[in-house]
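Visitor: Sharing a structure with you now.
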Amino acid sequence: MTWLLSRLLKAFGAVFFGFVVGVVVRKLTGADGLGLALGVASGVSVVLLVDVVRGNRLLTWLRGNQLDNAPRDTGLWGELGYRVERAMRDRDRAVARGRLELDQFLSAIEASPNGVLMLDSHEQIVWCNRVAADHFSLDPQRDLRQRITNLVRAPAFVAYLQAGRFDEPLVLGTGRAPSTLSIVVREYGEGMRLVLSLDITERVRSEAMRRDFVANVSHEIRTPLTVLAGFIETMHSLPLTAVERERVLVLMTQQTQRMQTLVADLLTLAQLEGSPRPAPDRWTSLDGLLLRIAADAEALSAGRHRLRLKPATGVELAGIESELLSAIANLVTNAVRYTPDGGEVEVAWRQLEDGSGELTVIDTGLGIAREHIPRLTERFYRVDGSRSRETGGTGLGLSIVKHVMQRHGGELMIQSEVGKGSRFRLVFPAARVRQASDSALGDEAAFNAAALSDH
Ligand code: ADP
């Protein structure tokens with residue numbers, strides 16, 4: 001109310017001015033009425049003039065872009081200007097805050113791993129994040145205000161949107177790279193729609209792999225079981241001579257062993273997948289492993305191949321002994337099994353400059369065509385199924401090798417040429433390789449170095 005006081009003062013000043021004018025006019029003319037009238041008129045005029053000037057200044061400011069400060073007058077017009085200016089600043093601040101919140105909200109949706117797409121009531125794109133743009137091959141700027149069904153023409157998607165029943169998500173296969181999307185639509189506001197898309201390619205693939213795996217295991221077990229059931233039936237219903245009986249029992253034993261090997265490999269795989277990564281603090285002598293493997297390989301070869309399996313490496317490897325044994329043994333027995341009589345199988349060790357080490361199993365066997373090589377470590381993948389089974393293979397060996405190497409921070413590499421032979425290399429990281437003489441270094445220091453390089 002500070003303006004009221006100044007206004008009263010101004011009115012008082014104007015009255016006083018009018019009074020002085022009235023007295024002067026009366027003195028000059030002697031007319032009482034004229035003096036009074038002129039005094040009132042001039043007092044009111046002064047007040048009006050001041051108001052007009054100040055009001056006009058405020059109005060000019062209001063009509064402008066209001067970037068400058070409001071006119072700083074005293075009294076009523078000053079306070080009016082100040083209040084209007086404050087209201088406008090509050091409004092600007094609220095708008096800026098709203099814009100910031102909207103930006104933050106959109107950035108959060110932008111960062112979402114899911115695709116988010118907003119459609120208006122005419123199915124036109126109002127906004128979409130980068131993931132949705134990628135899922136539906138859209139351009140987030142150029143395609144705004146375009147009808148989604150003009151841009152995403154997959155019949156299943158168009159039909160899903162048009163049907164308007166969104167209780168179940170739509171599973172849509174996209175042609176690109178081929179991938180699978182799960183699409184959920186939610187309605188909001190007046191006819192607006194929120195389209196959420198999720199890339200479920202990996203999930204679909206792993207479900208398919210699980211189904212294939214179960215089908216493969218069932219098939220692998222059913223075959224020997226069928227054979228066994230046939231033999232049991234034969235033994236029941238036919239009178240067999242002692243020789244025939246012996247032969248049937250040998251065959252039955254073979255089938256049983258086949259199932260046992262399969263179950264053992266499956267258990268190994270399950271264990272590899274379910275257990276934590278082996279700590280690099282337990283050291284195993286590579287020469288000791290090779291000695292045991294060579295004994296089995298010699299028995300398997302039965303003198304049909306030239307074997308050089310025991311290089312003196314003097315090396316120790318860090319990891320789980322049984323896993324390392326299984327990985328190397330798988331490669332060596334494969335080399336023997338897939339090398340015709342008279343061929344050669346050799347194991348070699350090489351320490352590389354960076355401290356890592358490479359164990360190579362080389363054979364002069366059948367070799368593998370280039371197109372099969374990337375798939376060899378898939379479970380149950382075989383190049384020649386009948387040879388694999390004849391020689392007691394399960395189709396899981398290389399898959400086990402790959403898992404073991406991954407768990408030990410290493411790698412399995414395969415080179416092969418049909419008719420010439422194969423070279424399977426196991427590369428161990430430096431942290432898991434040491435010369436037996438280095439063990440004097442102290443296990444704790446080696447453990448720390450290994451743990452650092454593993455992560
Ligand atoms: P399997 O039990 O059938 O041997 P693996 O996983 O050990 O299963 O090997 C997968 C396939 O890779 C084999 O079926 C075989 O066709 C091929 N293979 C593996 N090692 C060799 C090798 N040394 N020489 C030729 N082919 C090989």
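By convention here, the chains of the structure tokens are called A, B, ... in the order presented, each chain's residues are numbered starting at 1, and ligands are numbered starting at 1 in the order presented.
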If we count only C-alpha atoms and set the cut-off at 8 Å, which residues sit around Gly343 (chain A), ignoring sequence neighbours fewer than 4 positions away in its own chain? Please answer as JSON, numbers by chain.
Guide: {"A": [304, 305, 306, 339, 363, 364, 365]}
Visitor: Can I get the selected residues back with all heavy atoms, as an mmCIF file, in the first residue's frame?
Guide:
```cif
data_model
loop_
_atom_site.group_PDB
_atom_site.id
_atom_site.type_symbol
_atom_site.label_atom_id
_atom_site.label_comp_id
_atom_site.auth_asym_id
_atom_site.auth_seq_id
_atom_site.Cartn_x
_atom_site.Cartn_y
_atom_site.Cartn_z
ATOM 1 N N ARG A 304 47.957 -98.090 -34.434
ATOM 2 C CA ARG A 304 47.597 -97.790 -35.831
ATOM 3 C C ARG A 304 48.170 -96.447 -36.301
ATOM 4 O O ARG A 304 48.114 -96.134 -37.470
ATOM 5 C CB ARG A 304 46.080 -97.781 -35.979
ATOM 6 C CG ARG A 304 45.461 -99.173 -35.804
ATOM 7 C CD ARG A 304 43.953 -99.122 -35.853
ATOM 8 N NE ARG A 304 43.413 -98.376 -34.732
ATOM 9 C CZ ARG A 304 42.561 -97.366 -34.828
ATOM 10 N NH1 ARG A 304 42.150 -96.982 -36.005
ATOM 11 N NH2 ARG A 304 42.114 -96.765 -33.752
ATOM 12 N N HIS A 305 48.621 -95.624 -35.366
ATOM 13 C CA HIS A 305 49.117 -94.293 -35.749
ATOM 14 C C HIS A 305 50.501 -94.053 -35.161
ATOM 15 O O HIS A 305 50.885 -94.712 -34.204
ATOM 16 C CB HIS A 305 48.187 -93.204 -35.203
ATOM 17 C CG HIS A 305 46.765 -93.400 -35.530
ATOM 18 N ND1 HIS A 305 45.898 -94.136 -34.722
ATOM 19 C CD2 HIS A 305 46.018 -92.985 -36.570
ATOM 20 C CE1 HIS A 305 44.695 -94.136 -35.255
ATOM 21 N NE2 HIS A 305 44.736 -93.457 -36.395
ATOM 22 N N ARG A 306 51.196 -93.079 -35.761
ATOM 23 C CA ARG A 306 52.443 -92.639 -35.130
ATOM 24 C C ARG A 306 52.097 -91.478 -34.198
ATOM 25 O O ARG A 306 51.540 -90.458 -34.663
ATOM 26 C CB ARG A 306 53.432 -92.168 -36.200
ATOM 27 C CG ARG A 306 54.538 -93.202 -36.382
ATOM 28 C CD ARG A 306 55.483 -92.817 -37.486
ATOM 29 N NE ARG A 306 54.772 -92.621 -38.742
ATOM 30 C CZ ARG A 306 55.050 -91.648 -39.615
ATOM 31 N NH1 ARG A 306 55.992 -90.775 -39.349
ATOM 32 N NH2 ARG A 306 54.389 -91.532 -40.754
ATOM 33 N N THR A 339 41.769 -89.789 -37.689
ATOM 34 C CA THR A 339 42.951 -89.976 -38.539
ATOM 35 C C THR A 339 43.024 -91.443 -38.962
ATOM 36 O O THR A 339 43.047 -92.330 -38.093
ATOM 37 C CB THR A 339 44.233 -89.568 -37.773
ATOM 38 O OG1 THR A 339 44.107 -88.192 -37.412
ATOM 39 C CG2 THR A 339 45.474 -89.764 -38.619
ATOM 40 N N ASP A 363 47.038 -83.289 -36.502
ATOM 41 C CA ASP A 363 46.906 -84.645 -37.059
ATOM 42 C C ASP A 363 46.980 -84.583 -38.575
ATOM 43 O O ASP A 363 46.831 -83.510 -39.183
ATOM 44 C CB ASP A 363 45.610 -85.306 -36.576
ATOM 45 C CG ASP A 363 44.368 -84.620 -37.101
ATOM 46 O OD1 ASP A 363 44.214 -84.520 -38.333
ATOM 47 O OD2 ASP A 363 43.531 -84.184 -36.273
ATOM 48 N N THR A 364 47.216 -85.749 -39.160
ATOM 49 C CA THR A 364 47.271 -85.820 -40.625
ATOM 50 C C THR A 364 46.031 -86.562 -41.128
ATOM 51 O O THR A 364 46.098 -87.333 -42.074
ATOM 52 C CB THR A 364 48.534 -86.568 -41.082
ATOM 53 O OG1 THR A 364 48.510 -87.871 -40.458
ATOM 54 C CG2 THR A 364 49.795 -85.857 -40.660
ATOM 55 N N GLY A 365 44.902 -86.302 -40.432
ATOM 56 C CA GLY A 365 43.692 -87.086 -40.695
ATOM 57 C C GLY A 365 42.801 -86.559 -41.807
ATOM 58 O O GLY A 365 43.267 -85.906 -42.751
#
```
Visitor: For the interface of chain A with ligand 1 (cut-off 8 Å, counting only C-alpha atoms and all ligand atoms), please tabulate each contacting residue of chain A alongside its nearest pair of atoms and their separation in Å to one decimal, rows sorted by chain and increasing number, as JSON lines.
Guide:
```
{"residue": "A:Asn330", "atom": "CA", "partner": "ligand 1", "partner_atom_place_in_ligand_line": "7 (O)", "distance": 6.4}
{"residue": "A:Leu331", "atom": "CA", "partner": "ligand 1", "partner_atom_place_in_ligand_line": "20 (N)", "distance": 6.6}
{"residue": "A:Val332", "atom": "CA", "partner": "ligand 1", "partner_atom_place_in_ligand_line": "23 (N)", "distance": 7.7}
{"residue": "A:Asn334", "atom": "CA", "partner": "ligand 1", "partner_atom_place_in_ligand_line": "20 (N)", "distance": 4.7}
{"residue": "A:Ala335", "atom": "CA", "partner": "ligand 1", "partner_atom_place_in_ligand_line": "23 (N)", "distance": 3.8}
{"residue": "A:Val336", "atom": "CA", "partner": "ligand 1", "partner_atom_place_in_ligand_line": "23 (N)", "distance": 7.2}
{"residue": "A:Arg337", "atom": "CA", "partner": "ligand 1", "partner_atom_place_in_ligand_line": "23 (N)", "distance": 7.3}
{"residue": "A:Tyr338", "atom": "CA", "partner": "ligand 1", "partner_atom_place_in_ligand_line": "24 (N)", "distance": 4.7}
{"residue": "A:Thr339", "atom": "CA", "partner": "ligand 1", "partner_atom_place_in_ligand_line": "24 (N)", "distance": 6.7}
{"residue": "A:Ile362", "atom": "CA", "partner": "ligand 1", "partner_atom_place_in_ligand_line": "23 (N)", "distance": 7.7}
{"residue": "A:Asp363", "atom": "CA", "partner": "ligand 1", "partner_atom_place_in_ligand_line": "23 (N)", "distance": 6.4}
{"residue": "A:Gly365", "atom": "CA", "partner": "ligand 1", "partner_atom_place_in_ligand_line": "24 (N)", "distance": 5.8}
{"residue": "A:Leu366", "atom": "CA", "partner": "ligand 1", "partner_atom_place_in_ligand_line": "25 (C)", "distance": 5.3}
{"residue": "A:Gly367", "atom": "CA", "partner": "ligand 1", "partner_atom_place_in_ligand_line": "25 (C)", "distance": 4.5}
{"residue": "A:Ile368", "atom": "CA", "partner": "ligand 1", "partner_atom_place_in_ligand_line": "25 (C)", "distance": 5.3}
{"residue": "A:Ile373", "atom": "CA", "partner": "ligand 1", "partner_atom_place_in_ligand_line": "12 (O)", "distance": 8.0}
{"residue": "A:Leu376", "atom": "CA", "partner": "ligand 1", "partner_atom_place_in_ligand_line": "10 (C)", "distance": 5.1}
{"residue": "A:Thr377", "atom": "CA", "partner": "ligand 1", "partner_atom_place_in_ligand_line": "6 (O)", "distance": 6.0}
{"residue": "A:Glu378", "atom": "CA", "partner": "ligand 1", "partner_atom_place_in_ligand_line": "6 (O)", "distance": 7.4}
{"residue": "A:Arg379", "atom": "CA", "partner": "ligand 1", "partner_atom_place_in_ligand_line": "6 (O)", "distance": 6.9}
{"residue": "A:Phe380", "atom": "CA", "partner": "ligand 1", "partner_atom_place_in_ligand_line": "6 (O)", "distance": 6.6}
{"residue": "A:Tyr381", "atom": "CA", "partner": "ligand 1", "partner_atom_place_in_ligand_line": "10 (C)", "distance": 5.7}
{"residue": "A:Arg382", "atom": "CA", "partner": "ligand 1", "partner_atom_place_in_ligand_line": "14 (O)", "distance": 3.4}
{"residue": "A:Val383", "atom": "CA", "partner": "ligand 1", "partner_atom_place_in_ligand_line": "16 (O)", "distance": 3.7}
{"residue": "A:Asp384", "atom": "CA", "partner": "ligand 1", "partner_atom_place_in_ligand_line": "16 (O)", "distance": 4.9}
{"residue": "A:Gly385", "atom": "CA", "partner": "ligand 1", "partner_atom_place_in_ligand_line": "14 (O)", "distance": 6.1}
{"residue": "A:Arg387", "atom": "CA", "partner": "ligand 1", "partner_atom_place_in_ligand_line": "14 (O)", "distance": 7.5}
{"residue": "A:Ser388", "atom": "CA", "partner": "ligand 1", "partner_atom_place_in_ligand_line": "3 (O)", "distance": 4.3}
{"residue": "A:Arg389", "atom": "CA", "partner": "ligand 1", "partner_atom_place_in_ligand_line": "3 (O)", "distance": 6.7}
{"residue": "A:Gly392", "atom": "CA", "partner": "ligand 1", "partner_atom_place_in_ligand_line": "2 (O)", "distance": 6.9}
{"residue": "A:Gly393", "atom": "CA", "partner": "ligand 1", "partner_atom_place_in_ligand_line": "2 (O)", "distance": 3.1}
{"residue": "A:Thr394", "atom": "CA", "partner": "ligand 1", "partner_atom_place_in_ligand_line": "2 (O)", "distance": 3.9}
{"residue": "A:Gly395", "atom": "CA", "partner": "ligand 1", "partner_atom_place_in_ligand_line": "8 (O)", "distance": 3.2}
{"residue": "A:Leu396", "atom": "CA", "partner": "ligand 1", "partner_atom_place_in_ligand_line": "6 (O)", "distance": 4.3}
{"residue": "A:Gly397", "atom": "CA", "partner": "ligand 1", "partner_atom_place_in_ligand_line": "7 (O)", "distance": 3.5}
{"residue": "A:Leu398", "atom": "CA", "partner": "ligand 1", "partner_atom_place_in_ligand_line": "6 (O)", "distance": 3.7}
{"residue": "A:Ser399", "atom": "CA", "partner": "ligand 1", "partner_atom_place_in_ligand_line": "6 (O)", "distance": 5.7}
{"residue": "A:Ile400", "atom": "CA", "partner": "ligand 1", "partner_atom_place_in_ligand_line": "6 (O)", "distance": 7.6}
{"residue": "A:Ser416", "atom": "CA", "partner": "ligand 1", "partner_atom_place_in_ligand_line": "24 (N)", "distance": 7.7}
{"residue": "A:Gly421", "atom": "CA", "partner": "ligand 1", "partner_atom_place_in_ligand_line": "24 (N)", "distance": 6.5}
{"residue": "A:Ser422", "atom": "CA", "partner": "ligand 1", "partner_atom_place_in_ligand_line": "23 (N)", "distance": 5.6}
{"residue": "A:Arg423", "atom": "CA", "partner": "ligand 1", "partner_atom_place_in_ligand_line": "23 (N)", "distance": 7.4}
{"residue": "A:Phe424", "atom": "CA", "partner": "ligand 1", "partner_atom_place_in_ligand_line": "23 (N)", "distance": 7.5}
```
Visitor: To one decimal place in Å, what is the distance between CA of Asp199 (chain A) and CA of Arg165 (chain A)?
Guide: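 Going from CA of Asp199 (chain A) over to CA of Arg165 (chain A), I get 21.2 Å.
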Visitor: Just how far from CA of Glu323 (chain A) is CA of Ala295 (chain A), in Å to one decimal?
Guide: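 Taking CA of Ala295 (chain A) as the start and CA of Glu323 (chain A) as the end point, the length is 17.8 Å.
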Visitor: Using backbone DSSP assignments, extract all helix (DSSP H, G or I) residues from region 174-422 of chain A; output them as a PyMOL selection string.
Guide: chain A and resi 201-237+242-274+286-301+321-337+370-375+385-390+397-407
Visitor: I need the residues from that last selection saved to file as a compact mmCIF listing (two decimals), in the first residue's frame (with C-alpha atoms), if you can.
Guide:
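The resulting part_28.txt:
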```txt
# COMPACT_ATOMS: atom_id res chain seq x y z
CA THR A 201 15.81 -62.30 -30.62
CA GLU A 202 18.21 -63.74 -28.03
CA ARG A 203 15.37 -65.19 -25.97
CA VAL A 204 13.76 -66.80 -29.01
CA ARG A 205 17.12 -68.17 -30.13
CA SER A 206 17.95 -69.63 -26.73
CA GLU A 207 14.47 -71.18 -26.49
CA ALA A 208 15.02 -72.76 -29.91
CA MET A 209 18.45 -73.96 -28.79
CA ARG A 210 16.97 -75.47 -25.64
CA ARG A 211 14.30 -77.24 -27.69
CA ASP A 212 16.92 -78.52 -30.14
CA PHE A 213 19.09 -79.63 -27.26
CA VAL A 214 16.30 -81.64 -25.63
CA ALA A 215 15.38 -83.14 -29.01
CA ASN A 216 19.04 -84.05 -29.67
CA VAL A 217 19.57 -85.60 -26.25
CA SER A 218 16.35 -87.61 -26.60
CA HIS A 219 17.43 -88.79 -30.02
CA GLU A 220 20.95 -89.72 -28.87
CA ILE A 221 19.58 -91.72 -25.95
CA ARG A 222 16.71 -93.30 -27.84
CA THR A 223 18.96 -94.89 -30.47
CA PRO A 224 21.04 -97.07 -28.10
CA LEU A 225 17.95 -97.72 -26.00
CA THR A 226 16.07 -99.04 -29.04
CA VAL A 227 19.03 -101.27 -29.89
CA LEU A 228 19.19 -102.56 -26.31
CA ALA A 229 15.45 -103.20 -26.22
CA GLY A 230 15.79 -105.17 -29.48
CA PHE A 231 18.57 -107.34 -28.04
CA ILE A 232 16.66 -107.97 -24.83
CA GLU A 233 13.62 -108.98 -26.90
CA THR A 234 15.85 -111.29 -28.99
CA MET A 235 17.33 -112.90 -25.89
CA HIS A 236 13.85 -113.45 -24.51
CA SER A 237 12.22 -114.90 -27.56
CA ALA A 242 26.51 -119.47 -26.38
CA VAL A 243 28.50 -117.74 -29.15
CA GLU A 244 25.50 -115.73 -30.34
CA ARG A 245 24.67 -114.82 -26.78
CA GLU A 246 28.22 -113.61 -26.20
CA ARG A 247 28.08 -111.49 -29.37
CA VAL A 248 24.76 -109.92 -28.35
CA LEU A 249 26.14 -109.14 -24.89
CA VAL A 250 29.18 -107.43 -26.41
CA LEU A 251 26.89 -105.27 -28.58
CA MET A 252 24.69 -104.49 -25.60
CA THR A 253 27.74 -103.45 -23.59
CA GLN A 254 28.80 -101.12 -26.43
CA GLN A 255 25.38 -99.43 -26.46
CA THR A 256 25.40 -99.08 -22.69
CA GLN A 257 28.85 -97.52 -22.81
CA ARG A 258 27.65 -95.13 -25.47
CA MET A 259 24.86 -93.96 -23.20
CA GLN A 260 27.24 -93.70 -20.26
CA THR A 261 29.65 -91.55 -22.27
CA LEU A 262 26.80 -89.34 -23.42
CA VAL A 263 25.46 -88.86 -19.89
CA ALA A 264 29.01 -88.17 -18.62
CA ASP A 265 29.54 -85.50 -21.32
CA LEU A 266 26.16 -83.94 -20.58
CA LEU A 267 26.99 -83.77 -16.88
CA THR A 268 30.38 -82.22 -17.67
CA LEU A 269 28.71 -79.55 -19.80
CA ALA A 270 26.09 -78.83 -17.13
CA GLN A 271 28.84 -78.52 -14.53
CA LEU A 272 30.90 -76.20 -16.72
CA GLU A 273 27.92 -73.95 -17.28
CA GLY A 274 26.77 -73.90 -13.67
CA LEU A 286 51.05 -79.86 -18.25
CA ASP A 287 53.56 -82.69 -18.71
CA GLY A 288 51.68 -84.74 -16.09
CA LEU A 289 48.40 -84.17 -17.97
CA LEU A 290 49.97 -85.13 -21.30
CA LEU A 291 51.41 -88.30 -19.81
CA ARG A 292 47.95 -89.49 -18.73
CA ILE A 293 46.36 -88.46 -22.02
CA ALA A 294 49.07 -90.21 -24.05
CA ALA A 295 48.38 -93.48 -22.25
CA ASP A 296 44.68 -93.36 -23.20
CA ALA A 297 45.46 -92.26 -26.76
CA GLU A 298 47.92 -95.09 -27.25
CA ALA A 299 45.31 -97.55 -26.08
CA LEU A 300 42.75 -96.03 -28.46
CA SER A 301 45.15 -96.04 -31.39
CA GLU A 321 42.90 -80.01 -13.43
CA SER A 322 39.96 -82.22 -14.43
CA GLU A 323 38.69 -79.57 -16.87
CA LEU A 324 42.10 -79.02 -18.46
CA LEU A 325 42.57 -82.78 -18.73
CA SER A 326 39.16 -83.15 -20.37
CA ALA A 327 39.81 -80.35 -22.90
CA ILE A 328 43.20 -81.65 -24.04
CA ALA A 329 42.09 -85.29 -23.98
CA ASN A 330 39.09 -84.47 -26.18
CA LEU A 331 41.37 -82.94 -28.82
CA VAL A 332 43.89 -85.80 -28.72
CA THR A 333 41.28 -88.58 -28.89
CA ASN A 334 39.51 -86.72 -31.72
CA ALA A 335 42.81 -86.55 -33.60
CA VAL A 336 43.26 -90.30 -33.21
CA ARG A 337 39.62 -91.06 -34.08
CA ARG A 370 35.85 -74.79 -44.22
CA GLU A 371 32.07 -74.32 -43.91
CA HIS A 372 31.84 -76.71 -40.96
CA ILE A 373 34.59 -75.11 -38.87
CA PRO A 374 32.57 -72.25 -37.29
CA ARG A 375 29.89 -74.75 -36.17
CA GLY A 385 27.66 -88.48 -37.90
CA SER A 386 28.25 -92.13 -38.61
CA ARG A 387 32.03 -91.96 -38.15
CA SER A 388 31.55 -89.99 -34.94
CA ARG A 389 29.16 -92.59 -33.51
CA GLU A 390 31.19 -95.58 -34.74
CA GLY A 397 33.56 -82.97 -27.20
CA LEU A 398 34.49 -79.67 -28.86
CA SER A 399 31.65 -77.90 -27.10
CA ILE A 400 33.23 -78.99 -23.79
CA VAL A 401 36.67 -77.84 -24.99
CA LYS A 402 35.31 -74.39 -25.91
CA HIS A 403 33.61 -73.98 -22.52
CA VAL A 404 36.70 -75.03 -20.61
CA MET A 405 38.86 -72.57 -22.52
CA GLN A 406 36.39 -69.72 -22.04
CA ARG A 407 36.28 -70.39 -18.30
```
Visitor: Which value, in Å to one decimal, gives the distance between CA of Ala430 (chain A) and CA of Gly314 (chain A)?
Guide: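 Result for CA of Ala430 (chain A) versus CA of Gly314 (chain A): 15.1 Å, one decimal.
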Visitor: List the neighbours of region 353-360 of chain A out to 8 Å using only C-alpha atoms; skip same-chain residues closer than 3 positions along the sequence, and give me the result as a PyMOL selection string.
Guide: chain A and resi 347-350+423-433
